[in-house]
Structure formats: C-alpha cells, structure tokens
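Shown here: structure-v4.cif, mmCIF, N, CA and C atoms and all ligand atoms.
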data_structure
#
loop_
_atom_site.label_atom_id
_atom_site.label_comp_id
_atom_site.auth_asym_id
_atom_site.auth_seq_id
_atom_site.Cartn_x
_atom_site.Cartn_y
_atom_site.Cartn_z
N MET A 1 -17.13 10.67 -7.69
CA MET A 1 -16.10 11.55 -7.13
C MET A 1 -14.84 11.58 -8.00
N ALA A 2 -14.49 10.40 -8.56
CA ALA A 2 -13.32 10.35 -9.45
C ALA A 2 -13.53 11.33 -10.61
N ARG A 3 -14.75 11.30 -11.17
CA ARG A 3 -15.06 12.18 -12.30
C ARG A 3 -14.92 13.64 -11.89
N ASN A 4 -15.50 14.00 -10.73
CA ASN A 4 -15.43 15.39 -10.25
C ASN A 4 -13.99 15.85 -10.12
N MET A 5 -13.15 14.99 -9.53
CA MET A 5 -11.75 15.39 -9.33
C MET A 5 -11.04 15.58 -10.67
N ILE A 6 -11.34 14.68 -11.62
CA ILE A 6 -10.66 14.78 -12.92
C ILE A 6 -11.14 16.04 -13.67
N VAL A 7 -12.45 16.34 -13.59
CA VAL A 7 -12.95 17.55 -14.28
C VAL A 7 -12.36 18.80 -13.61
N TRP A 8 -12.36 18.85 -12.26
CA TRP A 8 -11.75 19.99 -11.56
C TRP A 8 -10.28 20.15 -11.95
N SER A 9 -9.56 19.02 -12.05
CA SER A 9 -8.12 19.10 -12.35
C SER A 9 -7.89 19.73 -13.72
N THR A 10 -8.75 19.39 -14.70
CA THR A 10 -8.54 19.95 -16.04
C THR A 10 -8.86 21.45 -16.04
N PHE A 11 -9.82 21.85 -15.16
CA PHE A 11 -10.12 23.28 -15.01
C PHE A 11 -8.88 24.02 -14.50
N TYR A 12 -8.24 23.44 -13.45
CA TYR A 12 -7.03 24.09 -12.91
C TYR A 12 -5.88 24.07 -13.93
N PHE A 13 -5.85 23.04 -14.77
CA PHE A 13 -4.81 22.99 -15.81
C PHE A 13 -4.96 24.20 -16.74
N VAL A 14 -6.22 24.49 -17.13
CA VAL A 14 -6.46 25.64 -18.01
C VAL A 14 -6.01 26.93 -17.31
N ILE A 15 -6.46 27.10 -16.04
CA ILE A 15 -6.08 28.31 -15.29
C ILE A 15 -4.55 28.39 -15.18
N GLY A 16 -3.91 27.25 -14.87
CA GLY A 16 -2.45 27.21 -14.68
C GLY A 16 -1.68 27.60 -15.93
N VAL A 17 -2.08 27.02 -17.07
CA VAL A 17 -1.32 27.33 -18.30
C VAL A 17 -1.63 28.74 -18.81
N VAL A 18 -2.88 29.21 -18.60
CA VAL A 18 -3.20 30.59 -19.01
C VAL A 18 -2.35 31.55 -18.18
N MET A 19 -2.26 31.25 -16.86
CA MET A 19 -1.43 32.09 -15.98
C MET A 19 0.03 32.07 -16.44
N GLY A 20 0.53 30.87 -16.78
CA GLY A 20 1.92 30.73 -17.25
C GLY A 20 2.14 31.56 -18.50
N MET A 21 1.18 31.49 -19.40
CA MET A 21 1.26 32.24 -20.66
C MET A 21 1.28 33.75 -20.38
N VAL A 22 0.37 34.22 -19.52
CA VAL A 22 0.30 35.65 -19.18
C VAL A 22 1.61 36.09 -18.53
N MET A 23 2.12 35.25 -17.61
CA MET A 23 3.39 35.58 -16.94
C MET A 23 4.53 35.69 -17.94
N SER A 24 4.55 34.77 -18.92
CA SER A 24 5.63 34.79 -19.93
C SER A 24 5.56 36.04 -20.78
N ILE A 25 4.33 36.34 -21.27
CA ILE A 25 4.16 37.48 -22.18
C ILE A 25 4.43 38.80 -21.47
N SER A 26 3.88 38.94 -20.25
CA SER A 26 4.01 40.21 -19.53
C SER A 26 5.39 40.37 -18.87
N GLU A 27 6.10 39.24 -18.75
CA GLU A 27 7.38 39.20 -18.03
C GLU A 27 7.24 39.66 -16.59
N VAL A 28 6.04 39.46 -16.05
CA VAL A 28 5.81 39.74 -14.62
C VAL A 28 5.64 38.38 -13.94
N HIS A 29 6.60 38.03 -13.08
CA HIS A 29 6.58 36.69 -12.48
C HIS A 29 6.21 36.72 -11.00
N THR A 30 5.60 37.80 -10.56
CA THR A 30 5.25 37.96 -9.14
C THR A 30 4.42 36.78 -8.64
N LEU A 31 3.49 36.32 -9.48
CA LEU A 31 2.57 35.26 -9.03
C LEU A 31 3.07 33.86 -9.41
N SER A 32 4.36 33.73 -9.64
CA SER A 32 4.92 32.44 -10.04
C SER A 32 4.58 31.31 -9.04
N PRO A 33 4.67 31.54 -7.71
CA PRO A 33 4.30 30.45 -6.78
C PRO A 33 2.82 30.06 -6.87
N VAL A 34 1.96 31.05 -7.22
CA VAL A 34 0.53 30.73 -7.38
C VAL A 34 0.36 29.85 -8.61
N HIS A 35 1.02 30.25 -9.69
CA HIS A 35 0.98 29.47 -10.93
C HIS A 35 1.49 28.04 -10.66
N ALA A 36 2.63 27.95 -9.95
CA ALA A 36 3.24 26.63 -9.68
C ALA A 36 2.27 25.74 -8.91
N HIS A 37 1.63 26.30 -7.86
CA HIS A 37 0.76 25.47 -7.02
C HIS A 37 -0.62 25.22 -7.62
N ILE A 38 -1.08 26.13 -8.48
CA ILE A 38 -2.33 25.83 -9.20
C ILE A 38 -2.09 24.61 -10.09
N ASN A 39 -0.92 24.60 -10.74
CA ASN A 39 -0.60 23.45 -11.59
C ASN A 39 -0.35 22.19 -10.78
N LEU A 40 0.40 22.33 -9.67
CA LEU A 40 0.84 21.12 -8.97
C LEU A 40 -0.21 20.57 -8.00
N LEU A 41 -0.92 21.47 -7.31
CA LEU A 41 -1.99 20.98 -6.42
C LEU A 41 -3.30 20.81 -7.19
N GLY A 42 -3.60 21.79 -8.07
CA GLY A 42 -4.88 21.79 -8.77
C GLY A 42 -4.93 20.81 -9.93
N TRP A 43 -3.91 20.80 -10.74
CA TRP A 43 -3.90 19.91 -11.91
C TRP A 43 -3.31 18.54 -11.55
N VAL A 44 -2.04 18.52 -11.16
CA VAL A 44 -1.36 17.23 -10.98
C VAL A 44 -1.93 16.42 -9.80
N SER A 45 -1.96 17.03 -8.60
CA SER A 45 -2.41 16.26 -7.42
C SER A 45 -3.88 15.88 -7.52
N MET A 46 -4.70 16.81 -8.05
CA MET A 46 -6.14 16.54 -8.17
C MET A 46 -6.37 15.42 -9.19
N ALA A 47 -5.67 15.46 -10.33
CA ALA A 47 -5.84 14.42 -11.36
C ALA A 47 -5.39 13.07 -10.81
N LEU A 48 -4.27 13.06 -10.07
CA LEU A 48 -3.79 11.79 -9.49
C LEU A 48 -4.82 11.23 -8.52
N GLY A 49 -5.42 12.12 -7.72
CA GLY A 49 -6.47 11.69 -6.77
C GLY A 49 -7.65 11.08 -7.53
N GLY A 50 -8.07 11.75 -8.61
CA GLY A 50 -9.19 11.27 -9.41
C GLY A 50 -8.90 9.90 -10.02
N ILE A 51 -7.69 9.74 -10.54
CA ILE A 51 -7.31 8.44 -11.15
C ILE A 51 -7.29 7.35 -10.08
N LEU A 52 -6.74 7.70 -8.92
CA LEU A 52 -6.69 6.74 -7.81
C LEU A 52 -8.10 6.29 -7.39
N TYR A 53 -9.02 7.28 -7.29
CA TYR A 53 -10.39 6.93 -6.90
C TYR A 53 -11.11 6.15 -7.99
N HIS A 54 -10.73 6.39 -9.24
CA HIS A 54 -11.33 5.60 -10.33
C HIS A 54 -10.85 4.14 -10.24
N LEU A 55 -9.56 3.97 -9.94
CA LEU A 55 -8.99 2.62 -9.87
C LEU A 55 -9.47 1.86 -8.64
N PHE A 56 -9.73 2.60 -7.55
CA PHE A 56 -10.09 1.95 -6.29
C PHE A 56 -11.39 2.55 -5.74
N PRO A 57 -12.52 2.09 -6.25
CA PRO A 57 -13.82 2.66 -5.85
C PRO A 57 -14.07 2.58 -4.34
N ALA A 58 -13.50 1.57 -3.67
CA ALA A 58 -13.71 1.46 -2.22
C ALA A 58 -13.12 2.68 -1.52
N ALA A 59 -11.99 3.16 -2.02
CA ALA A 59 -11.37 4.37 -1.44
C ALA A 59 -12.22 5.59 -1.74
N ALA A 60 -12.80 5.65 -2.95
CA ALA A 60 -13.64 6.80 -3.33
C ALA A 60 -14.90 6.87 -2.49
N ASN A 61 -15.46 5.70 -2.14
CA ASN A 61 -16.74 5.67 -1.43
C ASN A 61 -16.60 5.82 0.08
N SER A 62 -15.37 5.78 0.59
CA SER A 62 -15.19 5.87 2.04
C SER A 62 -15.36 7.31 2.52
N MET A 63 -15.61 7.48 3.81
CA MET A 63 -15.71 8.83 4.40
C MET A 63 -14.40 9.60 4.24
N LEU A 64 -13.29 8.87 4.38
CA LEU A 64 -11.97 9.52 4.23
C LEU A 64 -11.84 10.11 2.82
N GLY A 65 -12.35 9.38 1.83
CA GLY A 65 -12.29 9.86 0.44
C GLY A 65 -13.10 11.14 0.28
N LYS A 66 -14.30 11.14 0.87
CA LYS A 66 -15.16 12.33 0.74
C LYS A 66 -14.52 13.53 1.44
N TRP A 67 -13.96 13.30 2.64
CA TRP A 67 -13.29 14.39 3.35
C TRP A 67 -12.09 14.90 2.56
N HIS A 68 -11.29 13.98 2.03
CA HIS A 68 -10.12 14.39 1.24
C HIS A 68 -10.57 15.27 0.07
N PHE A 69 -11.61 14.81 -0.64
CA PHE A 69 -12.11 15.54 -1.80
C PHE A 69 -12.48 16.98 -1.41
N TRP A 70 -13.34 17.11 -0.39
CA TRP A 70 -13.82 18.45 -0.03
C TRP A 70 -12.71 19.35 0.52
N LEU A 71 -11.82 18.77 1.32
CA LEU A 71 -10.71 19.58 1.86
C LEU A 71 -9.81 20.08 0.73
N HIS A 72 -9.57 19.21 -0.26
CA HIS A 72 -8.70 19.60 -1.39
C HIS A 72 -9.41 20.66 -2.25
N VAL A 73 -10.71 20.42 -2.52
CA VAL A 73 -11.45 21.32 -3.42
C VAL A 73 -11.64 22.72 -2.77
N ILE A 74 -11.86 22.75 -1.46
CA ILE A 74 -12.05 24.04 -0.77
C ILE A 74 -10.69 24.68 -0.46
N GLY A 75 -9.70 23.84 -0.12
CA GLY A 75 -8.39 24.36 0.28
C GLY A 75 -7.66 25.10 -0.83
N ILE A 76 -7.70 24.55 -2.05
CA ILE A 76 -6.91 25.15 -3.15
C ILE A 76 -7.32 26.61 -3.44
N PRO A 77 -8.62 26.90 -3.69
CA PRO A 77 -8.94 28.31 -4.00
C PRO A 77 -8.64 29.26 -2.84
N LEU A 78 -8.86 28.78 -1.59
CA LEU A 78 -8.55 29.64 -0.43
C LEU A 78 -7.05 29.95 -0.40
N MET A 79 -6.25 28.89 -0.51
CA MET A 79 -4.78 29.04 -0.44
C MET A 79 -4.27 29.90 -1.60
N MET A 80 -4.81 29.66 -2.81
CA MET A 80 -4.33 30.38 -4.00
C MET A 80 -4.75 31.86 -3.97
N ALA A 81 -6.02 32.11 -3.56
CA ALA A 81 -6.49 33.50 -3.49
C ALA A 81 -5.68 34.25 -2.43
N GLY A 82 -5.47 33.59 -1.28
CA GLY A 82 -4.70 34.22 -0.20
C GLY A 82 -3.28 34.53 -0.64
N LEU A 83 -2.65 33.53 -1.30
CA LEU A 83 -1.25 33.70 -1.73
C LEU A 83 -1.14 34.79 -2.81
N ALA A 84 -2.13 34.81 -3.73
CA ALA A 84 -2.12 35.84 -4.78
C ALA A 84 -2.25 37.22 -4.14
N GLY A 85 -3.16 37.35 -3.17
CA GLY A 85 -3.34 38.63 -2.47
C GLY A 85 -2.08 39.04 -1.74
N LEU A 86 -1.50 38.07 -1.05
CA LEU A 86 -0.28 38.35 -0.28
C LEU A 86 0.87 38.81 -1.18
N LEU A 87 1.07 38.09 -2.29
CA LEU A 87 2.19 38.41 -3.19
C LEU A 87 1.98 39.72 -3.93
N SER A 88 0.71 40.03 -4.27
CA SER A 88 0.51 41.24 -5.05
C SER A 88 0.35 42.49 -4.19
N SER A 89 -0.16 42.33 -2.95
CA SER A 89 -0.37 43.54 -2.13
C SER A 89 0.61 43.62 -0.96
N GLY A 90 1.13 42.46 -0.54
CA GLY A 90 2.02 42.45 0.62
C GLY A 90 1.27 42.57 1.94
N ASN A 91 -0.07 42.63 1.86
CA ASN A 91 -0.89 42.76 3.08
C ASN A 91 -0.89 41.44 3.85
N SER A 92 -0.37 41.47 5.08
CA SER A 92 -0.17 40.23 5.82
C SER A 92 -1.49 39.57 6.24
N GLN A 93 -2.61 40.30 6.11
CA GLN A 93 -3.91 39.69 6.46
C GLN A 93 -4.25 38.52 5.54
N PHE A 94 -3.66 38.51 4.34
CA PHE A 94 -3.92 37.41 3.40
C PHE A 94 -3.32 36.09 3.89
N ILE A 95 -2.42 36.19 4.89
CA ILE A 95 -1.80 34.97 5.41
C ILE A 95 -2.87 34.06 6.03
N ILE A 96 -3.94 34.67 6.58
CA ILE A 96 -4.99 33.87 7.23
C ILE A 96 -5.62 32.91 6.22
N ALA A 97 -6.08 33.46 5.08
CA ALA A 97 -6.71 32.61 4.05
C ALA A 97 -5.70 31.59 3.51
N THR A 98 -4.46 32.07 3.28
CA THR A 98 -3.43 31.16 2.75
C THR A 98 -3.22 29.99 3.70
N SER A 99 -3.13 30.30 5.02
CA SER A 99 -2.86 29.25 6.00
C SER A 99 -4.04 28.29 6.12
N ILE A 100 -5.27 28.85 6.20
CA ILE A 100 -6.45 27.96 6.34
C ILE A 100 -6.52 27.03 5.11
N GLY A 101 -6.35 27.62 3.92
CA GLY A 101 -6.38 26.81 2.70
C GLY A 101 -5.30 25.74 2.71
N GLY A 102 -4.09 26.14 3.10
CA GLY A 102 -2.96 25.20 3.13
C GLY A 102 -3.20 24.07 4.12
N ILE A 103 -3.77 24.43 5.30
CA ILE A 103 -4.05 23.41 6.32
C ILE A 103 -5.11 22.42 5.80
N CYS A 104 -6.13 22.94 5.10
CA CYS A 104 -7.16 22.06 4.50
C CYS A 104 -6.49 21.05 3.57
N VAL A 105 -5.60 21.56 2.70
CA VAL A 105 -4.94 20.69 1.72
C VAL A 105 -4.09 19.63 2.45
N VAL A 106 -3.37 20.06 3.48
CA VAL A 106 -2.49 19.12 4.21
C VAL A 106 -3.32 18.05 4.93
N ILE A 107 -4.41 18.46 5.60
CA ILE A 107 -5.25 17.47 6.30
C ILE A 107 -5.85 16.51 5.25
N GLY A 108 -6.28 17.09 4.10
CA GLY A 108 -6.80 16.24 3.02
C GLY A 108 -5.77 15.21 2.57
N ALA A 109 -4.52 15.64 2.48
CA ALA A 109 -3.45 14.72 2.04
C ALA A 109 -3.25 13.61 3.07
N ILE A 110 -3.36 13.95 4.35
CA ILE A 110 -3.20 12.93 5.41
C ILE A 110 -4.36 11.92 5.31
N PHE A 111 -5.58 12.43 5.07
CA PHE A 111 -6.73 11.54 4.89
C PHE A 111 -6.53 10.63 3.68
N LEU A 112 -5.97 11.20 2.61
CA LEU A 112 -5.72 10.42 1.39
C LEU A 112 -4.76 9.27 1.70
N PHE A 113 -3.74 9.58 2.48
CA PHE A 113 -2.75 8.56 2.85
C PHE A 113 -3.41 7.43 3.65
N ILE A 114 -4.20 7.81 4.68
CA ILE A 114 -4.86 6.78 5.51
C ILE A 114 -5.82 5.96 4.64
N ASN A 115 -6.55 6.69 3.77
CA ASN A 115 -7.51 6.06 2.88
C ASN A 115 -6.81 5.04 1.97
N ALA A 116 -5.69 5.46 1.38
CA ALA A 116 -4.95 4.59 0.46
C ALA A 116 -4.44 3.35 1.21
N ALA A 117 -3.89 3.58 2.41
CA ALA A 117 -3.36 2.46 3.20
C ALA A 117 -4.47 1.46 3.52
N ARG A 118 -5.69 1.96 3.71
CA ARG A 118 -6.80 1.11 4.13
C ARG A 118 -7.50 0.43 2.95
N TYR A 119 -7.73 1.18 1.87
CA TYR A 119 -8.62 0.67 0.81
C TYR A 119 -7.95 0.34 -0.53
N VAL A 120 -6.70 0.72 -0.73
CA VAL A 120 -6.06 0.36 -2.00
C VAL A 120 -5.53 -1.06 -1.88
N LYS A 121 -6.23 -1.98 -2.56
CA LYS A 121 -5.87 -3.41 -2.41
C LYS A 121 -5.48 -3.98 -3.77
C1 LIG B 1 1.65 27.10 -21.18
C2 LIG B 1 2.15 26.55 -20.11
C3 LIG B 1 3.07 27.22 -19.14
C4 LIG B 1 3.74 28.41 -19.21
C5 LIG B 1 3.77 29.39 -20.37
C6 LIG B 1 4.48 28.57 -17.97
C7 LIG B 1 5.27 29.68 -17.63
C8 LIG B 1 5.93 29.85 -16.46
C9 LIG B 1 6.67 31.03 -16.08
C10 LIG B 1 6.86 32.29 -16.94
C11 LIG B 1 7.19 30.83 -14.84
C12 LIG B 1 8.03 31.81 -14.01
C13 LIG B 1 9.46 31.42 -14.04
C14 LIG B 1 10.31 32.30 -13.14
O1 LIG B 1 9.77 33.21 -12.46
O2 LIG B 1 11.53 32.09 -13.13
C15 LIG B 1 6.77 29.51 -14.41
C16 LIG B 1 7.10 28.94 -13.20
C17 LIG B 1 6.72 27.66 -12.83
N1 LIG B 1 5.91 26.81 -13.52
FE1 LIG B 1 5.04 27.17 -15.33
N2 LIG B 1 4.25 27.49 -17.18
C18 LIG B 1 3.39 26.64 -17.83
C19 LIG B 1 2.92 25.42 -17.38
C20 LIG B 1 3.29 24.80 -16.20
C21 LIG B 1 2.84 23.48 -15.77
C22 LIG B 1 1.87 22.60 -16.55
C23 LIG B 1 3.45 23.24 -14.56
C24 LIG B 1 3.36 22.07 -13.64
C25 LIG B 1 2.61 21.00 -13.83
C26 LIG B 1 4.28 24.40 -14.25
C27 LIG B 1 5.06 24.53 -13.13
C28 LIG B 1 5.80 25.64 -12.81
C29 LIG B 1 6.59 25.75 -11.59
C30 LIG B 1 6.76 24.66 -10.52
C31 LIG B 1 7.16 27.02 -11.60
C32 LIG B 1 8.05 27.64 -10.53
C33 LIG B 1 9.48 27.38 -10.90
C34 LIG B 1 10.44 28.12 -9.97
O3 LIG B 1 10.05 29.01 -9.19
O4 LIG B 1 11.64 27.81 -10.06
N3 LIG B 1 4.15 25.33 -15.27
N4 LIG B 1 6.00 28.95 -15.41
C1 LIG B 2 -0.48 22.64 1.25
C2 LIG B 2 0.40 22.32 0.35
C3 LIG B 2 1.62 23.14 0.03
C4 LIG B 2 2.13 24.24 0.65
C5 LIG B 2 1.60 24.98 1.87
C6 LIG B 2 3.32 24.64 -0.11
C7 LIG B 2 4.13 25.71 0.19
C8 LIG B 2 5.21 26.13 -0.55
C9 LIG B 2 6.03 27.30 -0.25
C10 LIG B 2 5.85 28.21 0.96
C11 LIG B 2 6.96 27.39 -1.23
C12 LIG B 2 8.06 28.47 -1.35
C13 LIG B 2 7.59 29.53 -2.32
C14 LIG B 2 8.62 30.61 -2.54
O1 LIG B 2 9.79 30.43 -2.21
O2 LIG B 2 8.23 31.65 -3.07
C15 LIG B 2 6.75 26.30 -2.15
C16 LIG B 2 7.48 26.08 -3.30
C17 LIG B 2 7.29 25.03 -4.15
N1 LIG B 2 6.38 24.00 -4.01
FE1 LIG B 2 4.93 23.91 -2.62
N2 LIG B 2 3.51 23.76 -1.14
C18 LIG B 2 2.51 22.82 -1.09
C19 LIG B 2 2.32 21.77 -1.96
C20 LIG B 2 3.13 21.46 -3.03
C21 LIG B 2 2.96 20.30 -3.90
C22 LIG B 2 1.87 19.24 -3.71
C23 LIG B 2 3.92 20.37 -4.84
C24 LIG B 2 4.24 19.44 -5.99
C25 LIG B 2 3.43 18.49 -6.43
C26 LIG B 2 4.70 21.57 -4.58
C27 LIG B 2 5.78 22.02 -5.32
C28 LIG B 2 6.49 23.16 -5.09
C29 LIG B 2 7.53 23.67 -5.98
C30 LIG B 2 7.97 23.02 -7.30
C31 LIG B 2 8.02 24.83 -5.39
C32 LIG B 2 9.10 25.76 -5.96
C33 LIG B 2 8.41 26.71 -6.92
C34 LIG B 2 8.36 28.12 -6.49
O3 LIG B 2 9.26 28.56 -5.75
O4 LIG B 2 7.44 28.84 -6.92
N3 LIG B 2 4.20 22.20 -3.46
N4 LIG B 2 5.67 25.56 -1.71
#

Please re-express this file's structure in structure tokens.
Ligand code: HEM
Ligand code: HEM
Amino acid sequence: MARNMIVWSTFYFVIGVVMGMVMSISEVHTLSPVHAHINLLGWVSMALGGILYHLFPAAANSMLGKWHFWLHVIGIPLMMAGLAGLLSSGNSQFIIATSIGGICVVIGAIFLFINAARYVK
C-alpha cells in the first residue's frame, strides 16, 4: 500500500505541475484551486501517507489503513472533477461530486489520525 500511495502521489505531481505550467502560459487561472488541491491532496498528502505507511507497516496493514487509502484515492478524482466542472461551467450540480469527494477525503483523514494514534509506535 505504501508503494501504491507513493506511485499515485507522483502521478498527481505530474498532473499538478502540468496544470500549473498550462495556467502560467495561458494566463487563465480559473482552475487554480483545482491545481492547488491536486498538488496538496494528491501529491503532498498522498506522498506523506505513503511514507508513513512505509515507516509503520502495522498502520499500513490495518483496516483503518486500507479504508484511508481507498477513501483518499477515490475522493481526490471525484472532488477535483467536481470542482473543475463547477469552476469552469458554474453548474451547481457539480457540487454533489465535489462534496462526496471532499467527504471521502475528510473521513479518510480521520481514519488516518485514528490509525496513526493506534499503530505508530
Ligand atoms: C511547474 C510547477 C508549477 C507551476 C508552473 C504553478 C503555477 C501556478 C499558477 C499560475 C497559479 C495561479 C496563481 C494565481 O491565480 O494567483 C498557482 C497557484 C497555486 N499553486 Fe502552483 N504551480 C506549480 C506547482 C505547484 C506545486 C508543486 C504546489 C504545491 C505543492 C502548488 C501550489 C499552488 C497553490 C496552493 C496555489 C494557489 C495559491 C493561491 O490561490 O493563492 N503549485 N500555481
Ligand atoms: C477535503 C479536503 C479539503 C477541502 C474540502 C478543501 C477546501 C478548500 C476550499 C473550499 C478552499 C477555498 C478555495 C477558494 O477560495 O477558491 C481551499 C483553499 C485552500 N486549501 Fe483546501 N481543502 C481541503 C484540503 C486541503 C489540504 C490538505 C491542503 C494543504 C495540504 C489545502 C490547502 C489549501 C490552500 C493552500 C488553499 C488556498 C489556495 C486557493 O485559494 O486556491 N486544502 N480549500
């Protein structure tokens, strides 16, 4: 699982910096919050999770670890696609995907906290 999180994080890093580059060149910053959260949730938070699970295998192997992983991995694309749709079209229906994705990420973070408190020794 540590490996999966680290590989996913580097994928989001590529997406994040490509987006940053496109935003800089085009001077269109509409999707700046998407870029920010792809980098911060996808690259930074995901990489930190992967490193943590590498350092503490007991946390990686627990049910809380597996739930955190899946909630984070599913939550990010839902939240980012919803937010991108919302910012570019203004259609409020995108709030549903954004909210579900965001809630997944938040619940995942709570699981990570409980997991760390329990298994990081
Ligand atoms: C090649 C790499 C990158 C480029 C060219 C780039 C470019 C940009 C651009 C053009 C903006 C919009 C600024 C604005 O609208 O005022 C922005 C915002 C932002 N970027 Fe990047 N970025 C890059 C990498 C990163 C990375 C690696 C992170 C975080 C780990 C990051 C975090 C942010 C954040 C948090 C914002 C929002 C700042 C705000 O709204 O005040 N960026 N970036
Ligand atoms: C489920 C998780 C998260 C949700 C729902 C969320 C939501 C938001 C919202 C609604 C904004 C305001 C955007 C705007 O004013 O246009 C924001 C801005 C910001 N958030 Fe988050 N956030 C989350 C996670 C994070 C994390 C984990 C980080 C850092 C590691 C972060 C860093 C930032 C930064 C730097 C900004 C300002 C950049 C900007 O305005 O584009 N967020 N976030």

May I have a table of the residues of chain A lying at most 10 Å from ligand LIG 2 (chain B), giving each one's closest pair of atoms and their distance in Å to one decimal, counting only C-alpha atoms and all ligand atoms, ordered by chain and ascending residue number, as a Markdown table?
| residue | atom | partner | partner_atom | distance |
| --- | --- | --- | --- | --- |
| A:His29 | CA | B:LIG2 | O4 | 9.7 |
| A:Thr30 | CA | B:LIG2 | O2 | 9.2 |
| A:Leu31 | CA | B:LIG2 | O4 | 8.3 |
| A:Ser32 | CA | B:LIG2 | O4 | 5.4 |
| A:Pro33 | CA | B:LIG2 | O4 | 3.5 |
| A:Val34 | CA | B:LIG2 | O4 | 7.2 |
| A:His35 | CA | B:LIG2 | O4 | 7.6 |
| A:Ala36 | CA | B:LIG2 | O4 | 5.5 |
| A:His37 | CA | B:LIG2 | N3 | 5.9 |
| A:Ile38 | CA | B:LIG2 | C21 | 9.3 |
| A:Asn39 | CA | B:LIG2 | C25 | 8.2 |
| A:Leu40 | CA | B:LIG2 | C25 | 4.5 |
| A:Leu41 | CA | B:LIG2 | C22 | 5.0 |
| A:Gly42 | CA | B:LIG2 | C22 | 8.8 |
| A:Trp43 | CA | B:LIG2 | C25 | 9.3 |
| A:Val44 | CA | B:LIG2 | C25 | 6.7 |
| A:Ser45 | CA | B:LIG2 | C25 | 6.3 |
| A:Met46 | CA | B:LIG2 | C22 | 9.6 |
| A:His72 | CA | B:LIG2 | C1 | 9.2 |
| A:Gly75 | CA | B:LIG2 | C1 | 8.2 |
| A:Ile76 | CA | B:LIG2 | C1 | 8.2 |
| A:Met79 | CA | B:LIG2 | C1 | 7.9 |
| A:Met80 | CA | B:LIG2 | C5 | 9.9 |
| A:Leu83 | CA | B:LIG2 | C10 | 9.4 |
| A:Leu87 | CA | B:LIG2 | O2 | 9.1 |
| A:Thr98 | CA | B:LIG2 | C5 | 8.0 |
| A:Ser99 | CA | B:LIG2 | C5 | 7.4 |
| A:Ile100 | CA | B:LIG2 | C1 | 9.5 |
| A:Gly101 | CA | B:LIG2 | C1 | 7.4 |
| A:Gly102 | CA | B:LIG2 | C1 | 4.0 |
| A:Ile103 | CA | B:LIG2 | C1 | 6.2 |
| A:Cys104 | CA | B:LIG2 | C1 | 7.5 |
| A:Val105 | CA | B:LIG2 | C1 | 4.9 |
| A:Val106 | CA | B:LIG2 | C1 | 5.0 |
| A:Ile107 | CA | B:LIG2 | C1 | 8.7 |
| A:Gly108 | CA | B:LIG2 | C1 | 9.2 |
| A:Ala109 | CA | B:LIG2 | C1 | 8.5 |

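Among A:Ala84, A:Ala58, A:Val7, A:Ile25, the residue with the shortest atom-to-atom distance to ligand LIG 1 (chain B), counting only N, CA and C atoms and all ligand atoms, is A:Ile25.
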
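Among the candidate residues A:Gly16, A:Met5, A:Ser62, A:Leu86, the one lying nearest to Leu48 (chain A) is A:Met5, with distances computed using all atoms listed in the file.
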
Given the point (-11.6, 9.7, 7.5) in the coordinates of this file, which residues lie within 8 Å, counting all atoms listed in the file, and how would they look as a count of residues only?
12

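Remark: for ligand LIG 1 (chain B), the closest of the candidate residues A:Ile51, A:Ile74, A:Val28, A:Ile6 is A:Val28 (distances computed over all atoms listed in the file).
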
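The smallest atom-to-atom distance between ligand LIG 1 (chain B) and any of A:Leu78, A:Ser88, A:Val17, A:Phe56, using all atoms listed in the file, is found for A:Val17.
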
Listed atoms of ligand LIG 1 (chain B), axis-aligned box, 3 Å per side: centre and edge lengths to one decimal in Å, as AutoDock Vina command-line options?
--center_x 6.6 --center_y 27.1 --center_z -15.2 --size_x 16.0 --size_y 18.2 --size_z 18.0

Separation of CA of Met23 (chain A) from atom N2 of ligand LIG 1 (chain B), in Å and rounded to one decimal
8.1 Å

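Distances to ligand LIG 1 (chain B) were evaluated for A:Met21, A:Leu71, A:Val14, A:Ala2 using only C-alpha atoms and all ligand atoms, and the minimum falls at A:Met21.
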
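Restricting the calculation to all atoms listed in the file, the smallest distance between ligand LIG 1 (chain B) and any of A:Ser24, A:Ser9, A:Asn61, A:Ser92 is found for A:Ser24.
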
Those in region 3-120 of chain A with alpha helix (DSSP H) from DSSP, as an NGL selection string:
:A and (3-26 or 32-37 or 46-55 or 57-61 or 63-89 or 94-119)

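The interatomic distance for the pair atom C14 of ligand LIG 1 (chain B) and CA of Gly49 (chain A) works out to 27.3 Å.
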
A straight line from CA of Val73 (chain A) to atom C of Glu27 (chain A) spans 29.3 Å
